[in-house]
>>> print(open('model-v2.cif').read())   # mmCIF, C-alpha atoms
data_input
#
loop_
_atom_site.label_atom_id
_atom_site.label_comp_id
_atom_site.auth_asym_id
_atom_site.auth_seq_id
_atom_site.Cartn_x
_atom_site.Cartn_y
_atom_site.Cartn_z
CA MET A 1 131.04 87.69 98.19
CA ARG A 2 132.23 90.22 95.64
CA SER A 3 129.14 92.39 95.14
CA LEU A 4 128.36 92.44 98.87
CA ASP A 5 131.96 93.36 99.68
CA GLU A 6 131.69 96.25 97.21
CA ALA A 7 128.49 97.45 98.87
CA ARG A 8 130.07 97.23 102.32
CA ASN A 9 133.17 99.07 101.14
CA LEU A 10 130.96 101.84 99.82
CA CYS A 11 129.13 101.98 103.14
CA GLU A 12 132.49 102.26 104.90
CA ARG A 13 133.47 105.12 102.61
CA TYR A 14 130.46 107.22 103.61
CA HIS A 15 129.93 105.90 107.14
CA PRO A 16 133.38 104.90 108.45
CA GLY A 17 133.02 102.42 111.30
CA MET A 18 129.30 101.71 110.91
CA CYS A 19 129.65 98.20 109.47
CA ALA A 20 132.14 97.22 112.18
CA ALA A 21 129.86 98.61 114.88
CA LEU A 22 126.97 96.55 113.56
CA ALA A 23 129.09 93.42 113.15
CA ASP A 24 130.21 93.64 116.79
CA ILE A 25 126.61 93.07 117.94
CA SER A 26 124.76 89.79 117.62
CA LEU A 27 121.98 89.57 115.04
CA ALA A 28 119.44 88.96 117.80
CA GLU A 29 120.45 92.21 119.51
CA ARG A 30 120.46 94.17 116.26
CA GLU A 31 116.92 93.03 115.47
CA ALA A 32 115.45 93.39 118.95
CA PRO A 33 112.72 95.92 119.73
CA ASP A 34 114.29 99.16 120.93
CA GLY A 35 117.70 97.79 119.92
CA PRO A 36 120.78 99.92 119.19
CA VAL A 37 120.84 100.00 115.40
CA VAL A 38 118.98 103.27 114.81
CA GLY A 39 121.29 104.95 117.31
CA ILE A 40 124.28 103.56 115.41
CA PHE A 41 122.82 104.93 112.18
CA ARG A 42 122.59 108.38 113.72
CA LYS A 43 126.04 108.15 115.35
CA PHE A 44 127.76 107.47 112.04
CA GLY A 45 126.02 110.24 110.10
CA GLY A 46 123.39 108.11 108.39
CA PRO A 47 120.70 110.82 108.17
CA GLY A 48 122.79 112.92 105.78
CA LEU A 49 123.48 110.23 103.18
CA VAL A 50 121.17 111.43 100.39
CA VAL A 51 121.04 115.08 101.50
CA PRO A 52 122.71 117.19 98.78
CA ALA A 53 126.17 118.54 99.55
CA GLU A 54 124.94 122.14 99.38
CA TYR A 55 122.68 121.32 102.35
CA GLY A 56 125.52 119.77 104.36
CA GLY A 57 124.94 116.14 103.35
CA MET A 58 126.86 113.50 101.40
CA GLY A 59 124.74 113.79 98.28
CA VAL A 60 125.00 110.18 97.12
CA ASP A 61 123.11 109.12 94.02
CA ALA A 62 120.37 106.49 93.82
CA LEU A 63 122.74 103.65 92.92
CA SER A 64 125.07 104.34 95.84
CA ALA A 65 122.12 104.67 98.21
CA ALA A 66 120.77 101.28 97.10
CA ARG A 67 124.15 99.64 97.66
CA ILE A 68 124.62 101.20 101.09
CA VAL A 69 121.14 100.16 102.21
CA ARG A 70 121.95 96.62 101.02
CA ALA A 71 125.18 96.66 103.04
CA MET A 72 123.46 97.85 106.22
CA SER A 73 120.66 95.34 105.74
CA SER A 74 123.10 92.45 105.45
CA TYR A 75 123.91 93.14 109.11
CA SER A 76 120.47 94.32 110.21
CA PRO A 77 117.37 94.04 108.02
CA SER A 78 115.56 96.10 110.65
CA LEU A 79 117.97 98.97 110.19
CA GLY A 80 117.60 98.79 106.43
CA ALA A 81 113.81 98.80 106.65
CA ALA A 82 113.78 101.70 109.09
CA THR A 83 116.26 103.90 107.26
CA THR A 84 114.65 103.27 103.88
CA MET A 85 111.76 105.36 105.17
CA HIS A 86 114.12 108.18 106.11
CA HIS A 87 116.15 108.09 102.89
CA TYR A 88 113.28 107.95 100.44
CA THR A 89 111.47 110.79 102.21
CA VAL A 90 114.59 112.94 102.29
CA ALA A 91 115.34 112.21 98.63
CA THR A 92 111.79 113.22 97.73
CA LEU A 93 111.90 116.48 99.67
CA PHE A 94 115.23 117.53 98.21
CA SER A 95 114.10 116.69 94.70
CA LEU A 96 111.32 119.24 95.22
CA ALA A 97 113.83 121.73 96.65
CA LYS A 98 115.52 121.83 93.22
CA ARG A 99 112.38 123.27 91.64
CA ALA A 100 111.86 126.98 91.99
CA GLY A 101 108.85 127.85 94.10
CA ARG A 102 107.93 124.25 94.94
CA LEU A 103 108.85 124.58 98.64
CA THR A 104 108.36 127.53 100.98
CA PRO A 105 111.32 129.31 102.65
CA ALA A 106 110.29 127.77 105.98
CA GLN A 107 110.33 124.29 104.47
CA LEU A 108 113.76 124.86 102.92
CA GLU A 109 115.10 126.16 106.24
CA LEU A 110 113.88 123.00 107.98
CA LEU A 111 115.57 120.80 105.37
CA THR A 112 118.91 122.51 105.96
CA GLU A 113 118.91 121.14 109.52
CA ILE A 114 118.65 117.43 108.61
CA ALA A 115 122.27 116.60 107.83
CA PRO A 116 124.11 118.95 110.24
CA ALA A 117 121.92 117.88 113.19
CA ASP A 118 121.54 114.22 112.09
CA LEU A 119 117.78 114.55 112.22
CA ILE A 120 115.79 111.38 111.56
CA VAL A 121 112.74 111.74 109.32
CA ALA A 122 109.83 109.30 109.58
CA SER A 123 107.33 108.74 106.81
CA GLY A 124 103.59 108.77 107.43
CA TRP A 125 102.53 108.33 103.82
CA ALA A 126 100.91 105.09 102.63
CA GLU A 127 98.67 103.42 105.20
CA GLY A 128 98.79 99.64 105.63
CA LYS A 129 95.07 98.96 105.25
CA PRO A 130 94.01 95.92 103.20
CA GLY A 131 92.13 96.97 100.10
CA ALA A 132 92.75 100.68 100.60
CA ASN A 133 94.04 102.95 97.84
CA ILE A 134 97.56 103.87 98.95
CA VAL A 135 97.22 107.34 97.45
CA VAL A 136 94.37 108.21 99.83
CA PRO A 137 95.71 109.60 103.15
CA ALA A 138 94.63 108.34 106.55
CA ALA A 139 94.81 111.79 108.16
CA THR A 140 92.57 114.79 107.68
CA ALA A 141 93.08 118.48 108.36
CA ARG A 142 90.78 121.36 109.15
CA VAL A 143 91.54 125.03 108.81
CA THR A 144 92.52 127.02 111.89
CA ASP A 145 94.30 130.34 112.47
CA GLY A 146 97.68 130.22 110.76
CA GLY A 147 97.41 126.66 109.49
CA TYR A 148 95.64 123.38 110.08
CA LEU A 149 94.69 120.99 112.86
CA VAL A 150 95.48 117.43 111.81
CA ASN A 151 93.86 114.24 113.04
CA GLY A 152 94.52 110.64 112.09
CA GLY A 153 97.59 108.49 112.16
CA LYS A 154 99.91 106.00 110.54
CA LYS A 155 100.46 102.33 111.37
CA PRO A 156 102.99 100.96 111.03
CA CYS A 157 105.31 103.95 111.00
CA SER A 158 108.99 103.02 111.07
CA LEU A 159 111.37 105.09 113.23
CA ALA A 160 108.40 106.02 115.40
CA ARG A 161 110.44 106.23 118.60
CA SER A 162 113.55 107.92 117.15
CA MET A 163 112.03 110.37 114.68
CA ASP A 164 112.79 114.08 114.88
CA LEU A 165 110.48 115.01 112.01
CA LEU A 166 107.31 113.33 110.78
CA THR A 167 106.18 113.71 107.19
CA ALA A 168 102.50 112.85 106.94
CA SER A 169 100.06 112.82 104.06
CA ALA A 170 96.69 114.35 104.78
CA ALA A 171 93.54 115.52 103.07
CA VAL A 172 93.80 119.31 103.35
CA PRO A 173 90.81 121.55 102.48
CA ILE A 174 91.84 123.81 99.62
CA ASP A 175 89.24 125.93 97.86
CA GLY A 176 86.49 123.99 99.60
CA SER A 177 87.58 120.49 98.58
CA PRO A 178 90.01 118.01 100.20
CA THR A 179 93.39 117.90 98.45
CA LEU A 180 96.22 115.49 99.14
CA ALA A 181 99.17 117.25 100.77
CA LEU A 182 102.36 116.39 102.62
CA LEU A 183 102.84 117.92 106.06
CA LEU A 184 106.17 118.54 107.79
CA ILE A 185 105.66 118.09 111.53
CA PRO A 186 108.29 118.19 114.32
CA ALA A 187 108.01 114.92 116.24
CA GLY A 188 107.69 116.75 119.54
CA SER A 189 104.58 118.65 118.48
CA PRO A 190 101.69 118.55 120.99
CA GLY A 191 99.14 115.92 120.03
CA ILE A 192 101.58 113.35 118.57
CA SER A 193 101.76 110.04 120.42
CA VAL A 194 103.37 106.65 119.71
CA HIS A 195 101.70 103.34 120.52
CA ARG A 196 102.97 99.80 120.23
CA PHE A 197 101.83 98.12 117.04
CA TRP A 198 104.51 95.77 115.65
CA LEU A 199 104.21 92.41 117.42
CA SER A 200 106.28 90.21 115.09
CA ASN A 201 109.88 89.51 116.04
CA VAL A 202 110.87 89.94 112.37
CA LEU A 203 112.12 93.49 111.67
CA ALA A 204 111.22 94.44 115.24
CA GLY A 205 114.23 96.76 115.42
CA ALA A 206 112.73 99.11 112.82
CA GLU A 207 110.56 100.83 115.46
CA SER A 208 107.43 100.33 113.36
CA HIS A 209 104.62 101.39 115.64
CA GLU A 210 101.44 103.42 115.45
CA VAL A 211 101.76 107.20 115.38
CA ARG A 212 98.58 109.07 116.28
CA LEU A 213 97.84 112.72 115.60
CA ASN A 214 95.22 114.42 117.73
CA ASP A 215 94.59 118.05 116.79
CA VAL A 216 98.23 118.55 115.84
CA PHE A 217 98.82 122.10 114.65
CA VAL A 218 100.70 122.43 111.35
CA PRO A 219 101.51 125.94 110.09
CA ALA A 220 100.35 126.70 106.58
CA ASP A 221 103.93 127.12 105.38
CA MET A 222 104.72 123.52 106.40
CA VAL A 223 102.20 122.07 103.94
CA ILE A 224 103.44 120.78 100.57
CA ARG A 225 100.54 120.54 98.19
CA THR A 226 100.25 117.96 95.47
CA GLU A 227 99.01 119.09 92.08
CA PRO A 228 96.67 116.29 91.00
CA ASP A 229 94.43 116.40 87.97
CA ASP A 230 93.32 112.85 88.71
CA PRO A 231 93.11 111.52 92.31
CA ASP A 232 94.29 108.05 91.26
CA ARG A 233 97.45 109.32 89.56
CA LEU A 234 100.70 110.60 91.04
CA ASP A 235 102.22 114.06 90.82
CA ASP A 236 105.91 115.05 91.02
CA LEU A 237 106.04 114.67 94.81
CA GLN A 238 104.54 111.19 94.79
CA THR A 239 106.34 109.73 91.78
CA THR A 240 109.74 110.59 93.22
CA GLY A 241 108.77 109.14 96.58
CA PHE A 242 107.40 105.90 95.16
CA ALA A 243 110.41 105.33 92.91
CA TRP A 244 112.92 105.81 95.72
CA PHE A 245 110.85 103.81 98.19
CA GLU A 246 110.46 100.75 95.98
CA MET A 247 114.12 100.83 95.00
CA LEU A 248 115.43 101.09 98.56
CA ALA A 249 112.87 98.73 100.09
CA THR A 250 113.91 96.03 97.63
CA SER A 251 117.55 96.69 98.55
CA VAL A 252 116.73 95.87 102.17
CA TYR A 253 115.67 92.35 101.29
CA VAL A 254 118.55 91.94 98.86
CA GLY A 255 120.73 92.62 101.90
CA ALA A 256 118.96 90.05 104.07
CA ALA A 257 119.23 87.39 101.36
CA SER A 258 122.87 88.36 100.80
CA ALA A 259 123.69 87.48 104.41
CA LEU A 260 122.34 83.95 103.85
CA VAL A 261 123.99 83.37 100.47
CA GLU A 262 127.28 84.70 101.83
CA GLN A 263 127.21 82.05 104.55
CA ALA A 264 126.33 79.30 102.07
CA LEU A 265 129.21 80.20 99.78
CA ALA A 266 131.62 80.43 102.71
CA ARG A 267 130.62 77.01 104.13
CA GLY A 268 131.03 75.33 100.75
CA ARG A 269 128.42 72.65 101.40
CA GLY A 270 126.35 71.04 98.65
CA SER A 271 127.15 70.95 94.95
CA VAL A 272 128.99 73.79 93.29
CA THR A 273 126.11 73.97 90.81
CA ASP A 274 123.61 74.67 93.59
CA ARG A 275 125.88 77.21 95.22
CA ALA A 276 126.30 78.97 91.89
CA GLN A 277 122.54 78.94 91.32
CA ALA A 278 121.85 80.49 94.74
CA ALA A 279 124.32 83.24 93.92
CA ILE A 280 122.86 83.72 90.44
CA GLU A 281 119.36 84.19 91.87
CA LEU A 282 120.70 86.74 94.33
CA GLU A 283 122.77 88.59 91.76
CA SER A 284 119.80 88.76 89.39
CA ALA A 285 117.91 90.64 92.12
CA VAL A 286 120.93 92.89 92.62
CA ALA A 287 121.00 93.64 88.89
CA LEU A 288 117.29 94.44 88.84
CA VAL A 289 117.54 96.91 91.69
CA GLU A 290 120.74 98.51 90.46
CA GLY A 291 119.33 98.85 86.97
CA ALA A 292 116.34 100.74 88.33
CA ALA A 293 118.63 102.87 90.50
CA ARG A 294 120.80 103.77 87.51
CA ALA A 295 117.71 104.77 85.55
CA ILE A 296 116.56 107.05 88.37
CA GLY A 297 120.04 108.52 88.60
CA ASP A 298 120.00 109.15 84.85
CA GLY A 299 116.82 111.18 85.20
CA LEU A 300 113.98 108.71 84.66
CA THR A 301 110.86 110.23 86.23
CA GLY A 302 107.08 110.02 86.30
CA ASP A 303 105.10 106.90 85.45
CA ALA A 304 108.13 105.40 83.70
CA ALA A 305 110.20 105.55 86.87
CA VAL A 306 107.46 104.09 89.06
CA SER A 307 106.77 101.24 86.63
CA ALA A 308 110.49 100.48 86.30
CA VAL A 309 111.01 100.10 90.03
CA LEU A 310 107.82 98.08 90.45
CA VAL A 311 108.93 95.65 87.74
CA ALA A 312 112.34 95.34 89.41
CA ARG A 313 110.77 94.82 92.81
CA TYR A 314 108.23 92.17 91.79
CA ALA A 315 110.82 90.22 89.80
CA ALA A 316 113.32 90.48 92.66
CA GLN A 317 110.76 89.12 95.13
CA ARG A 318 110.80 85.74 93.41
CA ALA A 319 114.55 85.66 92.91
CA LEU A 320 115.24 86.52 96.55
CA ARG A 321 112.89 83.84 97.86
CA THR A 322 114.64 81.24 95.71
CA ALA A 323 118.10 82.47 96.72
CA ALA A 324 117.25 82.42 100.42
CA ASP A 325 115.64 78.98 100.28
CA MET A 326 118.56 77.50 98.36
CA ALA A 327 121.11 79.06 100.72
CA ALA A 328 119.29 77.72 103.78
CA GLU A 329 119.11 74.24 102.24
CA LEU A 330 122.82 74.34 101.43
CA LEU A 331 123.67 75.37 104.99
CA GLY A 332 121.88 72.25 106.20
CA GLY A 333 119.70 71.11 109.06
CA ILE A 334 122.37 71.15 111.78
CA ALA A 335 123.24 74.76 110.98
CA PHE A 336 119.53 75.62 111.10
CA ILE A 337 119.19 73.88 114.48
CA ARG A 338 122.29 75.43 115.97
CA SER A 339 121.86 78.99 114.71
CA PRO A 340 118.62 80.96 115.10
CA ASP A 341 120.09 83.51 112.71
CA ILE A 342 119.35 81.31 109.70
CA ALA A 343 115.66 80.96 110.47
CA TYR A 344 115.48 84.68 111.18
CA LEU A 345 117.08 85.68 107.88
CA ILE A 346 114.80 83.33 105.92
CA ALA A 347 111.83 85.06 107.53
CA ALA A 348 113.34 88.51 107.05
CA VAL A 349 113.43 88.09 103.26
CA ARG A 350 109.66 87.57 103.04
CA PRO A 351 108.17 90.97 104.04
CA LEU A 352 109.09 92.55 100.70
CA ALA A 353 105.85 91.02 99.42
CA TYR A 354 103.87 92.95 102.04
CA HIS A 355 105.02 96.46 101.15
CA PRO A 356 102.45 98.54 99.29
CA PRO A 357 101.51 98.31 96.53
CA SER A 358 101.29 94.52 96.43
CA ARG A 359 101.95 92.60 93.23
CA THR A 360 98.35 91.43 92.98
CA ALA A 361 96.95 94.90 93.65
CA MET A 362 99.04 96.35 90.82
CA ALA A 363 98.51 93.60 88.24
CA GLU A 364 95.73 95.28 86.28
CA ALA A 365 97.33 98.71 86.54
CA LEU A 366 100.64 97.43 85.17
CA VAL A 367 98.98 95.54 82.32
CA ASP A 368 97.13 98.75 81.42
CA TYR A 369 100.38 100.72 81.57
CA PHE A 370 102.25 98.17 79.46
CA THR A 371 99.54 98.51 76.81
CA GLY A 372 99.74 102.29 76.62
CA GLN A 373 97.50 103.68 79.37
CA PRO A 374 98.56 105.98 82.26
CA LEU A 375 99.81 104.26 85.41
CA ARG A 376 97.29 104.29 88.24
CA LEU A 377 97.99 103.13 91.77
CA SER A 378 95.55 101.19 93.92
#
>>> encode(input="model-v2.cif", output="structure tokens")
Amino acid sequence: MRSLDEARNLCERYHPGMCAALADISLAEREAPDGPVVGIFRKFGGPGLVVPAEYGGMGVDALSAARIVRAMSSYSPSLGAATTMHHYTVATLFSLAKRAGRLTPAQLELLTEIAPADLIVASGWAEGKPGANIVVPAATARVTDGGYLVNGGKKPCSLARSMDLLTASAAVPIDGSPTLALLLIPAGSPGISVHRFWLSNVLAGAESHEVRLNDVFVPADMVIRTEPDDPDRLDDLQTTGFAWFEMLATSVYVGAASALVEQALARGRGSVTDRAQAAIELESAVALVEGAARAIGDGLTGDAAVSAVLVARYAAQRALRTAADMAAELLGGIAFIRSPDIAYLIAAVRPLAYHPPSRTAMAEALVDYFTGQPLRLS
């Protein structure tokens, strides 16, 4: 399939041998809990993909990152889901590094280690609580000598067992009132523990478990403060993170659906009209994601960037469901019976709807934004 081949070729350009290494392993093994895919990602230099060249990374743009995540996800949706958390966090941190005075020298020094040492960064930002505002952190911090003691946690937290660095949002007391901040915490810090949380077999290879923080010490110079005038709105740190997250997360499920449509086109079953329609639905999702990625690469920021990626994501959700269902129908009942991979990939397309913020949760906020009001997240 042309667009998938192009994505895989791009992945090969930046991570020579990764696609072949993934293809040599069965889908069941790739998606298994504690499977090998995160190790493969590290082995082939995955952590440095979006790290700027001046920091020792590959410095790819948003469009290339989206395509490479799609390519990886066509082999392993779990790997795509896991590494999305790394890439969007890294992209966010380095976007702040471009702004004078936004990060401390200690924070910048830590960032310089990511690509050369292939450090994996986990994200402890939005908490998966039904009905909770995703801007409100699940962890709290109290002042102590030299920094803060942090308590709370994140569940699910992808890359929980492989992470070298945890980025966690927390309510930090500043001038007597709690302020949202992002904390940079080495994964081996005393007080951090990982507990099994993900029980589904779908995306089980993403290492999405519960990470608990019990009086974890974070030095003051490892705290990145947000600058909110309104607690329901996003500042520069958050808008960049949300835009990259939604773009890359959607690419994961484009990759999973691509694996199904690729098989349907290769088998040649059913009418050519239905095969074309399955591909059209898939390619429409590709176009949505890549359009958003191009806009981000061209400098779209703030509420406009977040709304653009949310529109692309919610529209892609429908297109991907249709593409996956049509592909599975074209492959036929015997293929479904004989290959557990088909049922798995159908299921692996669905979790896009579960990522925060959900379509229903954002409906009113998007309508307000479309009619001229600021974008607010819930």
>>> atom_distance(input="model-v2.cif", atom1="CA of Ser123 in chain A", atom2="CA of Ser158 in chain A")
7.3 Å
>>> atom_distance(input="model-v2.cif", atom1="CA of Ala139 in chain A", atom2="CA of Thr240 in chain A")
21.2 Å
>>> closest_residue(input="model-v2.cif", among="A:Pro374, A:Pro340, A:Pro52, A:Gly332", to="Ala304 in chain A", atoms="only C-alpha atoms")
A:Pro374
>>> atom_distance(input="model-v2.cif", atom1="CA of Val90 in chain A", atom2="CA of Ala315 in chain A")
26.2 Å
>>> residues_around(input="model-v2.cif", residues="Gln107 in chain A", least_positions_apart="4", cutoff="9 Å", atoms="all atoms listed in the file", output="compact mmCIF listing (two decimals) with C-alpha atoms, keeping the file's coordinate frame")
# COMPACT_ATOMS: atom_id res chain seq x y z
CA ALA A 97 113.83 121.73 96.65
CA LEU A 103 108.85 124.58 98.64
CA LEU A 111 115.57 120.80 105.37
CA THR A 112 118.91 122.51 105.96
CA LEU A 184 106.17 118.54 107.79
CA ASP A 221 103.93 127.12 105.38
CA MET A 222 104.72 123.52 106.40
CA VAL A 223 102.20 122.07 103.94
CA ILE A 224 103.44 120.78 100.57
>>> resolve_selection(input="model-v2.cif", expression="the PyMOL selection byres ((chain A and resi 167) around 8)", output="number ranges by chain")
A: 89, 121-125, 165-166, 168-169, 182-185
>>> resolve_selection(input="model-v2.cif", expression="the PyMOL selection byres ((chain A and resi 334-339) around 12)", output="JSON, numbers by chain")
{"A": [26, 27, 28, 260, 263, 264, 267, 269, 325, 327, 328, 329, 330, 331, 332, 333, 340, 341, 342, 343, 344, 345, 346]}
>>> resolve_selection(input="model-v2.cif", expression="the PyMOL selection byres ((chain A and resi 148-154) around 8)", output="PDB file with C-alpha atoms, in the frame of the given file")
ATOM      1  CA  GLY A 124     103.590 108.770 107.430  1.00  0.00           C
ATOM      2  CA  TRP A 125     102.530 108.330 103.820  1.00  0.00           C
ATOM      3  CA  GLU A 127      98.670 103.420 105.200  1.00  0.00           C
ATOM      4  CA  ALA A 138      94.630 108.340 106.550  1.00  0.00           C
ATOM      5  CA  ALA A 139      94.810 111.790 108.160  1.00  0.00           C
ATOM      6  CA  THR A 140      92.570 114.790 107.680  1.00  0.00           C
ATOM      7  CA  ALA A 141      93.080 118.480 108.360  1.00  0.00           C
ATOM      8  CA  ARG A 142      90.780 121.360 109.150  1.00  0.00           C
ATOM      9  CA  VAL A 143      91.540 125.030 108.810  1.00  0.00           C
ATOM     10  CA  THR A 144      92.520 127.020 111.890  1.00  0.00           C
ATOM     11  CA  ASP A 145      94.300 130.340 112.470  1.00  0.00           C
ATOM     12  CA  GLY A 146      97.680 130.220 110.760  1.00  0.00           C
ATOM     13  CA  GLY A 147      97.410 126.660 109.490  1.00  0.00           C
ATOM     14  CA  LYS A 155     100.460 102.330 111.370  1.00  0.00           C
ATOM     15  CA  PRO A 156     102.990 100.960 111.030  1.00  0.00           C
ATOM     16  CA  CYS A 157     105.310 103.950 111.000  1.00  0.00           C
ATOM     17  CA  ALA A 170      96.690 114.350 104.780  1.00  0.00           C
ATOM     18  CA  GLU A 210     101.440 103.420 115.450  1.00  0.00           C
ATOM     19  CA  VAL A 211     101.760 107.200 115.380  1.00  0.00           C
ATOM     20  CA  ARG A 212      98.580 109.070 116.280  1.00  0.00           C
ATOM     21  CA  LEU A 213      97.840 112.720 115.600  1.00  0.00           C
ATOM     22  CA  ASN A 214      95.220 114.420 117.730  1.00  0.00           C
ATOM     23  CA  ASP A 215      94.590 118.050 116.790  1.00  0.00           C
ATOM     24  CA  VAL A 216      98.230 118.550 115.840  1.00  0.00           C
ATOM     25  CA  PHE A 217      98.820 122.100 114.650  1.00  0.00           C
ATOM     26  CA  VAL A 218     100.700 122.430 111.350  1.00  0.00           C
ATOM     27  CA  PRO A 219     101.510 125.940 110.090  1.00  0.00           C
ATOM     28  CA  ALA A 220     100.350 126.700 106.580  1.00  0.00           C
TER      29      ALA A 220
END
>>> residues_around(input="model-v2.cif", residues="Ala348 in chain A", least_positions_apart="3", cutoff="12 Å", atoms="all atoms listed in the file", output="VMD selection string")
chain A and resid 27 31 73 to 81 200 to 205 252 to 260 320 to 321 324 to 325 341 to 345 351 to 354
>>> closest_residue(input="model-v2.cif", among="A:Leu22, A:Leu4, A:Gln277, A:Thr239", to="Leu93 in chain A", atoms="only C-alpha atoms")
A:Thr239
>>> closest_residue(input="model-v2.cif", among="A:Ser271, A:Thr92, A:Ser307, A:Thr322", to="Glu283 in chain A", atoms="all atoms listed in the file")
A:Thr322
>>> closest_residue(input="model-v2.cif", among="A:Phe370, A:Trp244, A:Tyr314, A:Trp198", to="Thr301 in chain A", atoms="all atoms listed in the file")
A:Trp244
>>> closest_residue(input="model-v2.cif", among="A:Leu310, A:Gly299, A:Glu113, A:Gly46", to="Ala363 in chain A", atoms="all atoms listed in the file")
A:Leu310
>>> residues_near_point(input="model-v2.cif", point="(125.1, 108.8, 92.2)", cutoff="12 Å", atoms="all atoms listed in the file", output="list in words")
Leu10, Leu49, Val50, Val51, Pro52, Met58, Gly59, Val60, Asp61, Ala62, Leu63, Ser64, Ala65, Ala66, Arg67, Ile68, Glu290, Ala293, Arg294, Ala295, Ile296, Gly297, Asp298 and Gly299 of chain A
>>> closest_residue(input="model-v2.cif", among="A:Ala117, A:Ala91, A:Val261, A:Val172", to="Phe245 in chain A", atoms="only C-alpha atoms")
A:Ala91
>>> closest_atom_pairs(input="model-v2.cif", of="range 74-101 of chain A", to="range 159-162 of chain A", cutoff="9 Å", atoms="all atoms listed in the file", output="JSON lines")
{"residue": "A:Ala82", "atom": "CA", "partner": "A:Leu159", "partner_atom": "CA", "distance": 5.9}
{"residue": "A:Thr83", "atom": "CA", "partner": "A:Leu159", "partner_atom": "CA", "distance": 7.8}
{"residue": "A:Met85", "atom": "CA", "partner": "A:Leu159", "partner_atom": "CA", "distance": 8.1}
{"residue": "A:His86", "atom": "CA", "partner": "A:Leu159", "partner_atom": "CA", "distance": 8.2}
>>> residues_near_point(input="model-v2.cif", point="(126.1, 109.9, 110.8)", cutoff="10 Å", atoms="all atoms listed in the file", output="PyMOL selection string")
chain A and resi 14-16+18+39-49+57+115-119
>>> write_last_selection(input="model-v2.cif", atoms="C-alpha atoms", output="short mmCIF file (atom, residue, chain, number, x, y, z; two decimals), in the frame of the given file")
data_model
loop_
_atom_site.label_atom_id
_atom_site.label_comp_id
_atom_site.auth_asym_id
_atom_site.auth_seq_id
_atom_site.Cartn_x
_atom_site.Cartn_y
_atom_site.Cartn_z
CA TYR A 14 130.46 107.22 103.61
CA HIS A 15 129.93 105.90 107.14
CA PRO A 16 133.38 104.90 108.45
CA MET A 18 129.30 101.71 110.91
CA GLY A 39 121.29 104.95 117.31
CA ILE A 40 124.28 103.56 115.41
CA PHE A 41 122.82 104.93 112.18
CA ARG A 42 122.59 108.38 113.72
CA LYS A 43 126.04 108.15 115.35
CA PHE A 44 127.76 107.47 112.04
CA GLY A 45 126.02 110.24 110.10
CA GLY A 46 123.39 108.11 108.39
CA PRO A 47 120.70 110.82 108.17
CA GLY A 48 122.79 112.92 105.78
CA LEU A 49 123.48 110.23 103.18
CA GLY A 57 124.94 116.14 103.35
CA ALA A 115 122.27 116.60 107.83
CA PRO A 116 124.11 118.95 110.24
CA ALA A 117 121.92 117.88 113.19
CA ASP A 118 121.54 114.22 112.09
CA LEU A 119 117.78 114.55 112.22
#
